[in-house]
$ cat protein13.pdb   # PDB, C-alpha atoms and all ligand atoms
ATOM      1  CA  MET A 190      42.406  18.276 -71.915  1.00  0.00           C
ATOM      2  CA  ILE A 191      41.575  18.483 -75.579  1.00  0.00           C
ATOM      3  CA  ILE A 192      40.717  21.332 -77.961  1.00  0.00           C
ATOM      4  CA  ILE A 193      38.123  20.622 -80.631  1.00  0.00           C
ATOM      5  CA  ASN A 194      36.886  22.676 -83.582  1.00  0.00           C
ATOM      6  CA  VAL A 195      33.163  23.150 -83.129  1.00  0.00           C
ATOM      7  CA  ASN A 196      30.890  23.715 -86.086  1.00  0.00           C
ATOM      8  CA  ASP A 197      27.611  22.038 -85.173  1.00  0.00           C
ATOM      9  CA  LYS A 198      24.534  22.652 -83.054  1.00  0.00           C
ATOM     10  CA  SER A 199      25.521  20.378 -80.157  1.00  0.00           C
ATOM     11  CA  GLY A 200      28.884  22.140 -79.922  1.00  0.00           C
ATOM     12  CA  CYS A 201      27.037  25.464 -79.649  1.00  0.00           C
ATOM     13  CA  TYR A 202      25.116  24.092 -76.650  1.00  0.00           C
ATOM     14  CA  HIS A 203      28.430  23.127 -75.050  1.00  0.00           C
ATOM     15  CA  VAL A 204      29.739  26.651 -75.588  1.00  0.00           C
ATOM     16  CA  GLU A 205      26.523  28.105 -74.176  1.00  0.00           C
ATOM     17  CA  THR A 206      27.310  26.418 -70.823  1.00  0.00           C
ATOM     18  CA  VAL A 207      30.734  28.116 -70.814  1.00  0.00           C
ATOM     19  CA  GLU A 208      29.185  31.463 -71.766  1.00  0.00           C
ATOM     20  CA  LYS A 209      26.675  31.270 -68.887  1.00  0.00           C
ATOM     21  CA  LEU A 210      29.470  30.739 -66.366  1.00  0.00           C
ATOM     22  CA  CYS A 211      31.709  33.477 -67.773  1.00  0.00           C
ATOM     23  CA  PHE A 212      29.566  36.422 -68.882  1.00  0.00           C
ATOM     24  CA  ASP A 213      26.571  38.321 -67.474  1.00  0.00           C
ATOM     25  CA  ASP A 214      25.283  38.691 -71.023  1.00  0.00           C
ATOM     26  CA  GLY A 215      26.293  35.202 -72.180  1.00  0.00           C
ATOM     27  CA  TRP A 216      25.642  34.282 -75.786  1.00  0.00           C
ATOM     28  CA  THR A 217      22.971  31.639 -76.322  1.00  0.00           C
ATOM     29  CA  ALA A 218      23.401  28.542 -78.487  1.00  0.00           C
ATOM     30  CA  GLU A 219      21.210  30.233 -81.118  1.00  0.00           C
ATOM     31  CA  MET A 220      23.445  33.320 -81.180  1.00  0.00           C
ATOM     32  CA  LEU A 221      26.515  31.094 -81.444  1.00  0.00           C
ATOM     33  CA  GLU A 222      24.984  29.204 -84.346  1.00  0.00           C
ATOM     34  CA  ILE A 223      24.315  32.475 -86.160  1.00  0.00           C
ATOM     35  CA  GLU A 224      27.949  33.475 -85.617  1.00  0.00           C
ATOM     36  CA  LEU A 225      29.130  30.128 -87.007  1.00  0.00           C
ATOM     37  CA  ASN A 226      26.998  30.602 -90.111  1.00  0.00           C
ATOM     38  CA  ASN A 227      29.520  33.261 -91.032  1.00  0.00           C
ATOM     39  CA  SER A 228      32.074  31.338 -93.068  1.00  0.00           C
ATOM     40  CA  PHE A 229      34.899  33.435 -91.575  1.00  0.00           C
ATOM     41  CA  SER A 230      33.992  32.400 -88.000  1.00  0.00           C
ATOM     42  CA  HIS A 231      35.560  29.617 -85.987  1.00  0.00           C
ATOM     43  CA  MET A 232      35.164  28.205 -82.488  1.00  0.00           C
ATOM     44  CA  LEU A 233      37.647  26.094 -80.584  1.00  0.00           C
ATOM     45  CA  VAL A 234      36.352  24.419 -77.439  1.00  0.00           C
ATOM     46  CA  LEU A 235      38.483  23.122 -74.585  1.00  0.00           C
ATOM     47  CA  TYR A 236      37.154  19.916 -73.005  1.00  0.00           C
ATOM     48  CA  ASP A 237      38.141  18.190 -69.774  1.00  0.00           C
ATOM     49  CA  GLU A 238      36.976  14.667 -70.547  1.00  0.00           C
ATOM     50  CA  LYS A 239      33.529  15.472 -71.985  1.00  0.00           C
ATOM     51  CA  GLN A 240      33.017  18.680 -70.056  1.00  0.00           C
ATOM     52  CA  PRO A 241      33.410  21.986 -71.952  1.00  0.00           C
ATOM     53  CA  VAL A 242      35.547  24.277 -69.787  1.00  0.00           C
ATOM     54  CA  GLY A 243      36.664  27.024 -72.143  1.00  0.00           C
ATOM     55  CA  TYR A 244      36.469  28.301 -75.666  1.00  0.00           C
ATOM     56  CA  ILE A 245      37.582  30.891 -78.165  1.00  0.00           C
ATOM     57  CA  CYS A 246      35.544  32.400 -80.980  1.00  0.00           C
ATOM     58  CA  TYR A 247      37.358  34.246 -83.737  1.00  0.00           C
ATOM     59  CA  ARG A 248      37.053  35.379 -87.310  1.00  0.00           C
ATOM     60  CA  GLU A 249      39.736  35.189 -89.944  1.00  0.00           C
ATOM     61  CA  LEU A 250      39.204  37.488 -92.868  1.00  0.00           C
ATOM     62  CA  PHE A 251      42.183  37.261 -95.217  1.00  0.00           C
ATOM     63  CA  GLU A 252      45.170  38.951 -93.523  1.00  0.00           C
ATOM     64  CA  VAL A 253      43.323  40.001 -90.349  1.00  0.00           C
ATOM     65  CA  ALA A 254      41.962  37.799 -87.586  1.00  0.00           C
ATOM     66  CA  GLU A 255      39.778  39.038 -84.729  1.00  0.00           C
ATOM     67  CA  ILE A 256      39.131  37.462 -81.359  1.00  0.00           C
ATOM     68  CA  LEU A 257      35.434  37.902 -80.500  1.00  0.00           C
ATOM     69  CA  ARG A 258      35.339  35.877 -77.279  1.00  0.00           C
ATOM     70  CA  VAL A 259      37.713  33.897 -75.138  1.00  0.00           C
ATOM     71  CA  ALA A 260      36.572  32.392 -71.872  1.00  0.00           C
ATOM     72  CA  VAL A 261      37.545  29.776 -69.326  1.00  0.00           C
ATOM     73  CA  VAL A 262      35.089  28.680 -66.614  1.00  0.00           C
ATOM     74  CA  PRO A 263      36.057  29.955 -63.135  1.00  0.00           C
ATOM     75  CA  ALA A 264      37.208  26.600 -61.710  1.00  0.00           C
ATOM     76  CA  TYR A 265      39.771  26.212 -64.509  1.00  0.00           C
ATOM     77  CA  ARG A 266      41.233  29.743 -64.560  1.00  0.00           C
ATOM     78  CA  GLY A 267      44.845  30.614 -63.798  1.00  0.00           C
ATOM     79  CA  ARG A 268      46.217  27.409 -65.320  1.00  0.00           C
ATOM     80  CA  GLY A 269      47.163  28.670 -68.754  1.00  0.00           C
ATOM     81  CA  PHE A 270      44.076  27.422 -70.599  1.00  0.00           C
ATOM     82  CA  ALA A 271      43.124  30.753 -72.199  1.00  0.00           C
ATOM     83  CA  THR A 272      46.730  31.061 -73.387  1.00  0.00           C
ATOM     84  CA  MET A 273      46.461  27.531 -74.784  1.00  0.00           C
ATOM     85  CA  LEU A 274      43.272  28.438 -76.681  1.00  0.00           C
ATOM     86  CA  ILE A 275      44.845  31.550 -78.218  1.00  0.00           C
ATOM     87  CA  ASN A 276      47.964  29.606 -79.202  1.00  0.00           C
ATOM     88  CA  GLU A 277      45.816  26.949 -80.863  1.00  0.00           C
ATOM     89  CA  MET A 278      43.904  29.655 -82.703  1.00  0.00           C
ATOM     90  CA  ILE A 279      47.225  31.061 -83.972  1.00  0.00           C
ATOM     91  CA  ASN A 280      48.218  27.552 -85.111  1.00  0.00           C
ATOM     92  CA  GLN A 281      45.012  27.234 -87.096  1.00  0.00           C
ATOM     93  CA  LEU A 282      45.159  30.644 -88.807  1.00  0.00           C
ATOM     94  CA  LYS A 283      45.656  30.380 -92.544  1.00  0.00           C
ATOM     95  CA  ASN A 284      46.573  33.815 -93.889  1.00  0.00           C
ATOM     96  CA  ALA A 285      46.276  36.236 -90.993  1.00  0.00           C
ATOM     97  CA  GLU A 286      49.205  38.557 -90.403  1.00  0.00           C
ATOM     98  CA  GLU A 287      47.718  40.204 -87.344  1.00  0.00           C
ATOM     99  CA  ILE A 288      45.106  39.587 -84.669  1.00  0.00           C
ATOM    100  CA  MET A 289      42.818  42.342 -83.440  1.00  0.00           C
ATOM    101  CA  LEU A 290      40.568  42.470 -80.403  1.00  0.00           C
ATOM    102  CA  GLU A 291      38.594  44.809 -78.206  1.00  0.00           C
ATOM    103  CA  VAL A 292      38.638  44.610 -74.430  1.00  0.00           C
ATOM    104  CA  ASP A 293      36.925  46.467 -71.599  1.00  0.00           C
ATOM    105  CA  VAL A 294      39.566  48.615 -69.885  1.00  0.00           C
ATOM    106  CA  ASN A 295      38.278  47.307 -66.524  1.00  0.00           C
ATOM    107  CA  ASN A 296      38.693  43.626 -67.443  1.00  0.00           C
ATOM    108  CA  VAL A 297      41.918  43.083 -65.502  1.00  0.00           C
ATOM    109  CA  SER A 298      42.275  39.349 -66.200  1.00  0.00           C
ATOM    110  CA  ALA A 299      41.711  39.695 -69.951  1.00  0.00           C
ATOM    111  CA  LEU A 300      44.101  42.669 -70.158  1.00  0.00           C
ATOM    112  CA  GLY A 301      46.726  40.627 -68.301  1.00  0.00           C
ATOM    113  CA  LEU A 302      46.210  37.696 -70.650  1.00  0.00           C
ATOM    114  CA  TYR A 303      46.500  39.738 -73.833  1.00  0.00           C
ATOM    115  CA  LYS A 304      49.515  41.713 -72.622  1.00  0.00           C
ATOM    116  CA  LYS A 305      51.308  38.530 -71.617  1.00  0.00           C
ATOM    117  CA  ILE A 306      50.752  37.066 -75.091  1.00  0.00           C
ATOM    118  CA  GLY A 307      52.149  40.222 -76.668  1.00  0.00           C
ATOM    119  CA  PHE A 308      49.108  42.224 -77.778  1.00  0.00           C
ATOM    120  CA  GLU A 309      49.793  45.936 -77.938  1.00  0.00           C
ATOM    121  CA  PRO A 310      47.320  48.746 -77.213  1.00  0.00           C
ATOM    122  CA  LEU A 311      46.139  50.687 -80.273  1.00  0.00           C
ATOM    123  CA  ASN A 312      43.388  53.109 -79.271  1.00  0.00           C
ATOM    124  CA  ILE A 313      40.536  53.673 -76.852  1.00  0.00           C
ATOM    125  CA  ARG A 314      36.835  53.803 -77.711  1.00  0.00           C
ATOM    126  CA  LYS A 315      35.190  55.961 -75.080  1.00  0.00           C
ATOM    127  CA  ASN A 316      32.041  54.633 -73.390  1.00  0.00           C
ATOM    128  CA  TYR A 317      31.896  51.693 -75.779  1.00  0.00           C
ATOM    129  CA  TYR A 318      30.389  49.151 -73.353  1.00  0.00           C
ATOM    130  CA  SER A 319      27.081  49.808 -71.591  1.00  0.00           C
ATOM    131  CA  HIS A 320      26.209  47.970 -68.381  1.00  0.00           C
ATOM    132  CA  PRO A 321      22.899  46.946 -66.773  1.00  0.00           C
ATOM    133  CA  ASP A 322      23.403  49.559 -64.007  1.00  0.00           C
ATOM    134  CA  GLY A 323      23.436  52.308 -66.639  1.00  0.00           C
ATOM    135  CA  SER A 324      27.198  52.895 -66.505  1.00  0.00           C
ATOM    136  CA  TYR A 325      29.609  52.877 -69.440  1.00  0.00           C
ATOM    137  CA  THR A 326      33.205  51.738 -69.774  1.00  0.00           C
ATOM    138  CA  ASP A 327      35.826  52.304 -72.433  1.00  0.00           C
ATOM    139  CA  ALA A 328      37.067  49.689 -74.877  1.00  0.00           C
ATOM    140  CA  LEU A 329      40.735  49.251 -75.670  1.00  0.00           C
ATOM    141  CA  ASN A 330      41.635  48.032 -79.151  1.00  0.00           C
ATOM    142  CA  MET A 331      44.677  45.769 -79.177  1.00  0.00           C
ATOM    143  CA  ARG A 332      46.744  44.129 -81.896  1.00  0.00           C
ATOM    144  CA  LEU A 333      49.175  41.249 -82.112  1.00  0.00           C
ATOM    145  CA  ILE A 334      51.385  41.259 -85.187  1.00  0.00           C
ATOM    146  CA  LEU A 335      52.292  37.699 -86.072  1.00  0.00           C
ATOM    147  CA  LYS A 336      55.983  37.175 -86.583  1.00  0.00           C
ATOM    148  CA  THR A 337      57.298  37.063 -90.142  1.00  0.00           C
ATOM    149  CA  GLU A 338      59.181  33.823 -89.513  1.00  0.00           C
ATOM    150  CA  TYR A 339      55.969  32.265 -88.212  1.00  0.00           C
ATOM    151  CA  ARG A 340      54.167  33.166 -91.448  1.00  0.00           C
ATOM    152  CA  ILE A 341      56.996  31.720 -93.534  1.00  0.00           C
ATOM    153  CA  ILE A 342      56.791  28.423 -91.633  1.00  0.00           C
ATOM    154  CA  LYS A 343      53.010  28.334 -92.086  1.00  0.00           C
ATOM    155  CA  ASN A 344      53.176  28.960 -95.826  1.00  0.00           C
TER     156      ASN A 344
HETATM  157  C1  LIG B 401      40.297  36.245 -69.187  1.00  0.00           C
HETATM  158  C2  LIG B 401      40.268  34.721 -69.017  1.00  0.00           C
HETATM  159  C3  LIG B 401      39.835  34.102 -70.352  1.00  0.00           C
HETATM  160  C4  LIG B 401      41.681  34.232 -68.622  1.00  0.00           C
HETATM  161  O1  LIG B 401      41.658  32.798 -68.599  1.00  0.00           O
HETATM  162  P1  LIG B 401      42.805  31.940 -67.841  1.00  0.00           P
HETATM  163  O2  LIG B 401      42.732  30.557 -68.364  1.00  0.00           O
HETATM  164  O3  LIG B 401      42.696  32.141 -66.384  1.00  0.00           O
HETATM  165  O4  LIG B 401      44.135  32.672 -68.376  1.00  0.00           O
HETATM  166  P2  LIG B 401      45.625  32.074 -68.313  1.00  0.00           P
HETATM  167  O5  LIG B 401      45.718  31.126 -67.153  1.00  0.00           O
HETATM  168  O6  LIG B 401      45.999  31.591 -69.648  1.00  0.00           O
HETATM  169  O7  LIG B 401      46.440  33.394 -67.925  1.00  0.00           O
HETATM  170  C5  LIG B 401      47.445  33.925 -68.731  1.00  0.00           C
HETATM  171  C6  LIG B 401      47.894  35.256 -68.154  1.00  0.00           C
HETATM  172  O8  LIG B 401      46.806  36.181 -68.083  1.00  0.00           O
HETATM  173  C7  LIG B 401      46.970  37.031 -66.943  1.00  0.00           C
HETATM  174  N1  LIG B 401      45.849  36.843 -66.026  1.00  0.00           N
HETATM  175  C8  LIG B 401      44.958  35.831 -65.993  1.00  0.00           C
HETATM  176  N2  LIG B 401      44.070  36.029 -64.994  1.00  0.00           N
HETATM  177  C9  LIG B 401      44.421  37.187 -64.400  1.00  0.00           C
HETATM  178  C10 LIG B 401      43.875  37.931 -63.311  1.00  0.00           C
HETATM  179  N3  LIG B 401      42.784  37.520 -62.654  1.00  0.00           N
HETATM  180  N4  LIG B 401      44.486  39.097 -62.971  1.00  0.00           N
HETATM  181  C11 LIG B 401      45.572  39.537 -63.631  1.00  0.00           C
HETATM  182  N5  LIG B 401      46.128  38.866 -64.682  1.00  0.00           N
HETATM  183  C12 LIG B 401      45.557  37.712 -65.045  1.00  0.00           C
HETATM  184  C13 LIG B 401      48.263  36.618 -66.288  1.00  0.00           C
HETATM  185  O9  LIG B 401      49.313  37.391 -66.841  1.00  0.00           O
HETATM  186  C14 LIG B 401      48.398  35.173 -66.731  1.00  0.00           C
HETATM  187  O10 LIG B 401      49.715  34.725 -66.729  1.00  0.00           O
HETATM  188  P3  LIG B 401      50.372  34.143 -65.368  1.00  0.00           P
HETATM  189  O11 LIG B 401      49.420  33.088 -64.851  1.00  0.00           O
HETATM  190  O12 LIG B 401      51.678  33.581 -65.812  1.00  0.00           O
HETATM  191  O13 LIG B 401      50.471  35.301 -64.437  1.00  0.00           O
HETATM  192  C15 LIG B 401      39.277  34.315 -67.882  1.00  0.00           C
HETATM  193  O14 LIG B 401      39.552  35.063 -66.712  1.00  0.00           O
HETATM  194  C16 LIG B 401      37.815  34.493 -68.235  1.00  0.00           C
HETATM  195  O15 LIG B 401      37.200  33.612 -68.826  1.00  0.00           O
HETATM  196  N6  LIG B 401      37.227  35.655 -67.900  1.00  0.00           N
HETATM  197  C17 LIG B 401      35.807  35.925 -68.170  1.00  0.00           C
HETATM  198  C18 LIG B 401      35.545  36.082 -69.654  1.00  0.00           C
HETATM  199  C19 LIG B 401      36.289  37.279 -70.235  1.00  0.00           C
HETATM  200  O16 LIG B 401      36.304  38.353 -69.666  1.00  0.00           O
HETATM  201  N7  LIG B 401      36.895  37.066 -71.442  1.00  0.00           N
HETATM  202  C20 LIG B 401      37.653  38.090 -72.118  1.00  0.00           C
HETATM  203  C21 LIG B 401      36.818  39.002 -72.932  1.00  0.00           C
HETATM  204  S1  LIG B 401      35.950  38.204 -74.275  1.00  0.00           S
END
$ encode --input "protein13.pdb" --output "structure tokens"
Amino acid sequence: MIIINVNDKSGCYHVETVEKLCFDDGWTAEMLEIELNNSFSHMLVLYDEKQPVGYICYRELFEVAEILRVAVVPAYRGRGFATMLINEMINQLKNAEEIMLEVDVNNVSALGLYKKIGFEPLNIRKNYYSHPDGSYTDALNMRLILKTEYRIIKN
């Protein structure tokens, strides 16, 4: 397994295959390219040999980083790969002192992942996500404060 920084068109097509397997409303390669045009955006892709099997998309804007997406294809779940992607993201952060994210309160696996890593709940956004069946679910904002000693080592 290897994690690679993606910043080109072909990498976006790799991520698109992961998106299709992980989300009903998967981002297309074109959408991913637009995201990467933002100089604060980054994507790390997990490959098994040459096959993309997971990825994380995040932004780092000075002292705050934000996870936009993290996904592992079904056949590779439950083996610590999402944790590995988040840890690699943390390794690559330059100035961030905290990481923010938003998660659907019904997304049990993602909630479990973030809690295990140490993210703490901040507040709820009522009816934030809309679904194809016309229903709505709440979003939970979470934050991970990066340890002071970690920042000292990085700097
Ligand atoms: C959420 C997701 C990324 C987790 O990927 P993963 O590689 O299976 O996660 P890990 O193996 O690193 O799991 C780490 C921890 O998360 C929790 N977790 C993972 N899957 C879980 C599940 N189905 N139910 C409950 N907790 C779960 C567990 O605490 C787990 O630790 P443990 O194995 O020691 O119990 C994956 O399920 C996925 O891609 N889901 C669809 C996309 C998505 O919803 N992404 C998040 C929003 S952008």
$ axis_aligned_box --input "protein13.pdb" --around "ligand LIG 401 (chain B)" --padding-each-side "6 Å" --output "AutoDock Vina command-line options"
--center_x 43.6 --center_y 35.0 --center_z -68.5 --size_x 28.1 --size_y 21.0 --size_z 23.6
$ residues_around --input "protein13.pdb" --residues "Pro321 (chain A)" --least-positions-apart "2" --cutoff "10 Å" --atoms "only C-alpha atoms" --output "MDAnalysis selection string"
chainID A and resid 213:214 319 323:325
$ resolve_selection --input "protein13.pdb" --expression "the PyMOL selection byres (((chain A and resi 219-225) around 8) and not hetatm)" --output "list in words"
Asn196, Asp197, Lys198, Cys201, Glu205, Trp216, Thr217, Ala218, Asn226, Asn227, Ser228, Ser230, His231 and Met232 of chain A
$ resolve_selection --input "protein13.pdb" --expression "the PyMOL selection byres (((chain A and resi 194) around 7) and not hetatm)" --output "PyMOL selection string"
chain A and resi 192-193+195-196+232-234
$ residues_near_ligand --input "protein13.pdb" --ligand "ligand LIG 401 (chain B)" --cutoff "10 Å" --atoms "all atoms listed in the file" --output "VMD selection string"
chain A and resid 207 to 208 210 to 213 215 242 to 246 256 to 276 290 to 293 295 to 306
$ atom_distance --input "protein13.pdb" --atom1 "CA of Phe251 (chain A)" --atom2 "CA of Tyr318 (chain A)"
27.5 Å
$ closest_residue --input "protein13.pdb" --among "A:Met331, A:Met190, A:Val294, A:Val204" --to "Pro310 (chain A)" --atoms "all atoms listed in the file"
A:Met331
$ closest_residue --input "protein13.pdb" --among "A:Glu277, A:Glu238, A:Asp327, A:Glu255" --to "Arg314 (chain A)" --atoms "only C-alpha atoms"
A:Asp327
$ atom_distance --input "protein13.pdb" --atom1 "CA of Asp237 (chain A)" --atom2 "CA of Asn280 (chain A)"
20.6 Å
$ resolve_selection --input "protein13.pdb" --expression "the PyMOL selection byres (((chain A and resi 284-286) around 7) and not hetatm)" --output "NGL selection string"
:A and (249 or 251-254 or 282-283 or 287 or 334-335)
$ atom_distance --input "protein13.pdb" --atom1 "CA of His203 (chain A)" --atom2 "CA of Leu329 (chain A)"
28.9 Å
